[in-house]
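Let me begin by presenting the structure, written as structure tokens, before commenting on it.
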There are 2 protein chains.
Amino acid sequence: MALIKVHGHHFSTATCMVLCCLNEKQVEYDFVLVDLPTGAHKKPQYLALNPFGVVPTVQDEDLTLFESRAIVKYLAKKFKGQGTELLGNTLAEQALVEQWCQVEGQSFYPPASTILFQTVLFPLRGGTTDEAVVEINIGKLNRVLDIYEERLSKSKYLAGDFFSLADLQHLPWTQYLVTACKKGDLISSRKHVSAWWEDISSRPAWKKVAEKMPK
Amino acid sequence: MALIKVHGHHFSTATCMVLCCLNEKQVEYDFVLVDLPTGAHKKPQYLALNPFGVVPTVQDEDLTLFESRAIVKYLAKKFKGQGTELLGNTLAEQALVEQWCQVEGQSFYPPASTILFQTVLFPLRGGTTDEAVVEINIGKLNRVLDIYEERLSKSKYLAGDFFSLADLQHLPWTQYLVTACKKGDLISSRKHVSAWWEDISSRPAWKKVAEKMPK
């Protein structure tokens, strides 16, 4: 059987999410670099795989799949019984994993990504940071992290006392918030969020991915 | 066994998504009105159920669950074998359902909701529409719908030739785009998107929900 192919880039948070999941599941893969700086993701060959022209895209035999959060769910299901279980055992556990995965996608990711774009990516491309936008999004993130703090005072991880996709999905953006964006105080100012971040970011599956991300 | 309780409001797209799913699965439920105009969703009693203070929240025996997209997945799994199957049969089908569910949450919903806020909700609350923001988001939605048009020229529904959560998740916001926002041309200008919308919006499970939404 052919290895799973991951078309992506090590700078991309969505790619990092998928690579971390593959590591957790102890799955070997072929990495195909999509050269973002030269616009390879907007060329016909790549758009035939992923019409949105973003990374990553995964190919597993006949299946071509995009959307990182869909890919990690697919991998967690396909490799059930191998590596770390990431979905929860009971229907109720699985529902809570899904709930906190949705919170990541809908409430955590939008402000976190806006902060990275404003404070790091725009300036890198010669633009200027809109400080008002940064402030608004730090406010949004503070409200979300206050809810996390409360939640993590009651369970070790977001969905319960087990590491799951819900935690894993937070790794790439939190990494950038802490390193590139220098917003580590969002995490360190909260006791339980801080302990959670310390725990999940020191997992070997993540450390292998994080060391290739730009600081 | 007690009926599932849905705390929500008929004006809320996220509530409508969950109600439609319950109808598709032929599940009876108790509806608990959360009186949004009086701020019931921000009061301690409700915040104890859902710390984000948004609707809906579902209670099923001991399980309290928020995030509409997590709730519909839970219902589709719990009531497998009853009513419409919404998740796909094979692992590959399920992955494609998940992929297009993620596209809805990440690429369709953000511009669709922004257009509704700008063109309907802000003016209702005495604010003014920012036409530039509307234009930007119509542009985003056009790009997404062009991809849907191509996809729906090859399969009857988003994830394949079967109706699934991926289609269901699009119902509430598309309904408002067509009715309240008067942006029906986004749909009707595209042959396959138009046929898809005609099909999914005429499902009895959705029509029962849509008739209680404001026009």
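Within each chain, counting starts at residue 1; across the structure tokens, chains are named A, B, ... in the order shown, with ligands numbered 1 upward in that order.
Every chain A residue lying within 7 Å of chain B, based on only C-alpha atoms, is listed here: Pro51, Leu63, Phe66, Glu67, Ala70, Tyr74, Ala92, Ala95, Glu98, Gln99, Gln102 and Ile147 of chain A.
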Open item on the list: Excluding Cys21 of chain B and its own-chain neighbours fewer than 6 positions away, which residues fall within 12 Å of it when counting only C-alpha atoms? Please give them as a PyMOL selection string.
Closed with: chain B and resi 6+14-15+27-29+68-79+82-87+163-172+203-206+208-209
Could you write those residues out with N, CA and C atoms, as a compact mmCIF listing (two decimals), in the first residue's frame?
```
# COMPACT_ATOMS: atom_id res chain seq x y z
N VAL B 6 -33.84 21.19 23.43
CA VAL B 6 -33.10 22.16 22.60
C VAL B 6 -33.38 23.56 23.15
N ALA B 14 -28.14 28.83 13.84
CA ALA B 14 -27.55 27.64 14.45
C ALA B 14 -28.63 26.77 15.08
N THR B 15 -29.65 27.41 15.66
CA THR B 15 -30.79 26.64 16.19
C THR B 15 -31.51 25.94 15.04
N VAL B 27 -36.65 12.71 15.18
CA VAL B 27 -36.48 12.68 16.63
C VAL B 27 -37.39 13.75 17.25
N GLU B 28 -38.21 13.35 18.19
CA GLU B 28 -39.02 14.31 18.94
C GLU B 28 -38.14 15.03 19.94
N TYR B 29 -38.48 16.26 20.23
CA TYR B 29 -37.65 17.04 21.17
C TYR B 29 -38.50 18.04 21.93
N SER B 68 -23.46 24.22 17.24
CA SER B 68 -24.46 23.56 16.40
C SER B 68 -23.87 22.47 15.51
N ARG B 69 -22.67 22.70 14.96
CA ARG B 69 -22.10 21.71 14.04
C ARG B 69 -21.65 20.45 14.79
N ALA B 70 -21.35 20.59 16.08
CA ALA B 70 -21.04 19.41 16.89
C ALA B 70 -22.35 18.70 17.26
N ILE B 71 -23.39 19.47 17.51
CA ILE B 71 -24.67 18.88 17.90
C ILE B 71 -25.25 18.04 16.76
N VAL B 72 -25.23 18.58 15.54
CA VAL B 72 -25.82 17.80 14.43
C VAL B 72 -25.02 16.52 14.17
N LYS B 73 -23.72 16.57 14.39
CA LYS B 73 -22.93 15.34 14.21
C LYS B 73 -23.30 14.32 15.29
N TYR B 74 -23.46 14.80 16.51
CA TYR B 74 -23.87 13.91 17.60
C TYR B 74 -25.22 13.26 17.29
N LEU B 75 -26.18 14.05 16.84
CA LEU B 75 -27.52 13.52 16.54
C LEU B 75 -27.46 12.51 15.39
N ALA B 76 -26.67 12.84 14.37
CA ALA B 76 -26.57 11.95 13.21
C ALA B 76 -25.97 10.60 13.60
N LYS B 77 -25.02 10.63 14.55
CA LYS B 77 -24.40 9.38 15.02
C LYS B 77 -25.34 8.63 15.95
N LYS B 78 -25.92 9.36 16.91
CA LYS B 78 -26.75 8.71 17.92
C LYS B 78 -27.96 8.03 17.29
N PHE B 79 -28.53 8.67 16.26
CA PHE B 79 -29.74 8.12 15.65
C PHE B 79 -29.44 7.49 14.29
N GLN B 82 -32.03 5.62 11.84
CA GLN B 82 -33.36 6.22 11.98
C GLN B 82 -33.42 7.48 11.12
N GLY B 83 -34.48 7.65 10.35
CA GLY B 83 -34.59 8.84 9.48
C GLY B 83 -33.49 8.85 8.42
N THR B 84 -33.13 10.05 7.99
CA THR B 84 -32.14 10.20 6.92
C THR B 84 -30.73 9.94 7.45
N GLU B 85 -29.96 9.12 6.74
CA GLU B 85 -28.55 8.94 7.11
C GLU B 85 -27.78 10.18 6.63
N LEU B 86 -27.00 10.78 7.49
CA LEU B 86 -26.41 12.09 7.16
C LEU B 86 -24.88 12.10 7.16
N LEU B 87 -24.26 10.96 7.42
CA LEU B 87 -22.81 10.96 7.64
C LEU B 87 -22.00 10.26 6.56
N PHE B 163 -27.55 13.16 0.13
CA PHE B 163 -27.74 14.31 1.01
C PHE B 163 -27.05 14.02 2.34
N SER B 164 -26.35 15.01 2.87
CA SER B 164 -25.60 14.77 4.12
C SER B 164 -25.58 16.03 4.97
N LEU B 165 -24.93 15.92 6.11
CA LEU B 165 -24.74 17.09 6.98
C LEU B 165 -24.09 18.25 6.24
N ALA B 166 -23.24 17.93 5.26
CA ALA B 166 -22.56 19.00 4.52
C ALA B 166 -23.57 19.91 3.83
N ASP B 167 -24.62 19.31 3.27
CA ASP B 167 -25.67 20.12 2.64
C ASP B 167 -26.53 20.78 3.71
N LEU B 168 -26.92 19.99 4.69
CA LEU B 168 -27.81 20.49 5.75
C LEU B 168 -27.24 21.73 6.43
N GLN B 169 -25.93 21.73 6.67
CA GLN B 169 -25.31 22.88 7.35
C GLN B 169 -25.46 24.19 6.55
N HIS B 170 -25.68 24.06 5.25
CA HIS B 170 -25.81 25.27 4.42
C HIS B 170 -27.21 25.88 4.44
N LEU B 171 -28.18 25.13 4.93
CA LEU B 171 -29.58 25.58 4.79
C LEU B 171 -29.87 26.92 5.47
N PRO B 172 -29.55 27.09 6.77
CA PRO B 172 -30.01 28.33 7.43
C PRO B 172 -29.44 29.61 6.83
N ARG B 203 -36.83 20.09 1.07
CA ARG B 203 -36.99 18.91 1.94
C ARG B 203 -37.97 19.26 3.07
N PRO B 204 -38.91 18.37 3.35
CA PRO B 204 -39.90 18.66 4.41
C PRO B 204 -39.25 19.01 5.76
N ALA B 205 -38.14 18.35 6.07
CA ALA B 205 -37.47 18.61 7.36
C ALA B 205 -37.03 20.07 7.46
N TRP B 206 -36.63 20.65 6.33
CA TRP B 206 -36.20 22.05 6.33
C TRP B 206 -37.39 23.00 6.25
N LYS B 208 -40.31 22.81 7.41
CA LYS B 208 -40.93 22.98 8.73
C LYS B 208 -40.16 23.99 9.58
N VAL B 209 -38.85 24.03 9.42
CA VAL B 209 -38.03 24.98 10.18
C VAL B 209 -38.12 26.37 9.54
```
Open item on the list: To test your reading of the structure, identify every residue in chain A that backbone DSSP assigns to strand (DSSP E), and report it as a ChimeraX atom specification.
Closed with: /A:4-8,29-33,57-60,63-66
Once you have the residues from the selection above, write them out as a PDB file, in the first residue's frame, restricted to N, CA and C atoms.
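See out_25.pdb below for the written result:
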```pdb
ATOM      1  N   ILE A   4       0.612   7.573   2.583  1.00  0.00           N
ATOM      2  CA  ILE A   4      -0.232   8.761   2.461  1.00  0.00           C
ATOM      3  C   ILE A   4       0.650   9.933   2.026  1.00  0.00           C
ATOM      4  N   LYS A   5       0.156  10.689   1.051  1.00  0.00           N
ATOM      5  CA  LYS A   5       0.906  11.866   0.581  1.00  0.00           C
ATOM      6  C   LYS A   5       0.334  13.115   1.231  1.00  0.00           C
ATOM      7  N   VAL A   6       1.203  13.927   1.799  1.00  0.00           N
ATOM      8  CA  VAL A   6       0.768  15.220   2.349  1.00  0.00           C
ATOM      9  C   VAL A   6       1.380  16.325   1.504  1.00  0.00           C
ATOM     10  N   HIS A   7       0.545  17.060   0.796  1.00  0.00           N
ATOM     11  CA  HIS A   7       1.004  18.225   0.052  1.00  0.00           C
ATOM     12  C   HIS A   7       0.879  19.413   0.993  1.00  0.00           C
ATOM     13  N   GLY A   8       1.993  20.033   1.348  1.00  0.00           N
ATOM     14  CA  GLY A   8       1.885  21.129   2.311  1.00  0.00           C
ATOM     15  C   GLY A   8       3.174  21.910   2.444  1.00  0.00           C
ATOM     16  N   TYR A  29       4.525   8.884   6.210  1.00  0.00           N
ATOM     17  CA  TYR A  29       3.886   9.591   5.095  1.00  0.00           C
ATOM     18  C   TYR A  29       4.941  10.133   4.155  1.00  0.00           C
ATOM     19  N   ASP A  30       4.491  10.448   2.939  1.00  0.00           N
ATOM     20  CA  ASP A  30       5.335  11.160   1.964  1.00  0.00           C
ATOM     21  C   ASP A  30       4.994  12.630   2.051  1.00  0.00           C
ATOM     22  N   PHE A  31       5.989  13.474   2.236  1.00  0.00           N
ATOM     23  CA  PHE A  31       5.715  14.910   2.277  1.00  0.00           C
ATOM     24  C   PHE A  31       6.052  15.527   0.922  1.00  0.00           C
ATOM     25  N   VAL A  32       5.086  16.196   0.322  1.00  0.00           N
ATOM     26  CA  VAL A  32       5.310  16.871  -0.961  1.00  0.00           C
ATOM     27  C   VAL A  32       5.257  18.365  -0.693  1.00  0.00           C
ATOM     28  N   LEU A  33       6.390  19.028  -0.823  1.00  0.00           N
ATOM     29  CA  LEU A  33       6.437  20.460  -0.523  1.00  0.00           C
ATOM     30  C   LEU A  33       5.678  21.257  -1.583  1.00  0.00           C
ATOM     31  N   THR A  57      -3.224  19.377   1.341  1.00  0.00           N
ATOM     32  CA  THR A  57      -4.137  18.395   0.739  1.00  0.00           C
ATOM     33  C   THR A  57      -3.493  17.036   0.965  1.00  0.00           C
ATOM     34  N   VAL A  58      -4.314  16.056   1.247  1.00  0.00           N
ATOM     35  CA  VAL A  58      -3.804  14.713   1.504  1.00  0.00           C
ATOM     36  C   VAL A  58      -4.337  13.767   0.436  1.00  0.00           C
ATOM     37  N   GLN A  59      -3.477  12.882  -0.027  1.00  0.00           N
ATOM     38  CA  GLN A  59      -3.924  11.825  -0.942  1.00  0.00           C
ATOM     39  C   GLN A  59      -3.661  10.473  -0.294  1.00  0.00           C
ATOM     40  N   ASP A  60      -4.718   9.697  -0.187  1.00  0.00           N
ATOM     41  CA  ASP A  60      -4.591   8.345   0.367  1.00  0.00           C
ATOM     42  C   ASP A  60      -5.243   7.402  -0.639  1.00  0.00           C
ATOM     43  N   LEU A  63      -8.441   8.547  -2.508  1.00  0.00           N
ATOM     44  CA  LEU A  63      -9.090   9.661  -1.811  1.00  0.00           C
ATOM     45  C   LEU A  63      -8.198  10.904  -1.773  1.00  0.00           C
ATOM     46  N   THR A  64      -8.734  12.010  -2.248  1.00  0.00           N
ATOM     47  CA  THR A  64      -8.056  13.302  -2.138  1.00  0.00           C
ATOM     48  C   THR A  64      -8.871  14.149  -1.169  1.00  0.00           C
ATOM     49  N   LEU A  65      -8.203  14.691  -0.148  1.00  0.00           N
ATOM     50  CA  LEU A  65      -8.939  15.359   0.930  1.00  0.00           C
ATOM     51  C   LEU A  65      -8.256  16.667   1.295  1.00  0.00           C
ATOM     52  N   PHE A  66      -9.057  17.731   1.432  1.00  0.00           N
ATOM     53  CA  PHE A  66      -8.517  18.984   1.954  1.00  0.00           C
ATOM     54  C   PHE A  66      -9.303  19.377   3.190  1.00  0.00           C
TER      55      PHE A  66
END
```
- [ ] Find the distance between atom CA of Glu131 of chain B and atom CA of Thr13 of chain B and write it in Å to one decimal.
- [x]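 Pair atom CA of Glu131 of chain B / atom CA of Thr13 of chain B returns 23.0 Å.
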Open item on the list: Just list as a ChimeraX atom specification whatever in segment 80-206 of chain B DSSP marks as alpha helix (DSSP H).
Closed with: /B:91-103,109-116,122-124,131-152,165-168,171-178,185-188,191-201,204-206
Open item on the list: Which residue is closest to Lys154 of chain B? Choose from B:Tyr46, B:Tyr109, B:Trp196, B:Phe11 and count only C-alpha atoms.
Closed with: B:Trp196
Open item on the list: Could you list, as a PyMOL selection string, every residue within 8 Å of segment 40-42 of chain B, counting only C-alpha atoms and ignoring same-chain residues fewer than 3 positions away?
Closed with: chain B and resi 34-37+46-47+53-55
Task: atom CA of Met213 of chain B to atom CA of Thr119 of chain B, straight-line distance in Å - done: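 For atom CA of Thr119 of chain B relative to atom CA of Met213 of chain B, the distance reads 16.8 Å.
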Open item on the list: What does the structure give for the distance between atom CA of Lys156 of chain A and atom CA of Ile138 of chain A, in Å to one decimal?
Closed with: 24.5 Å
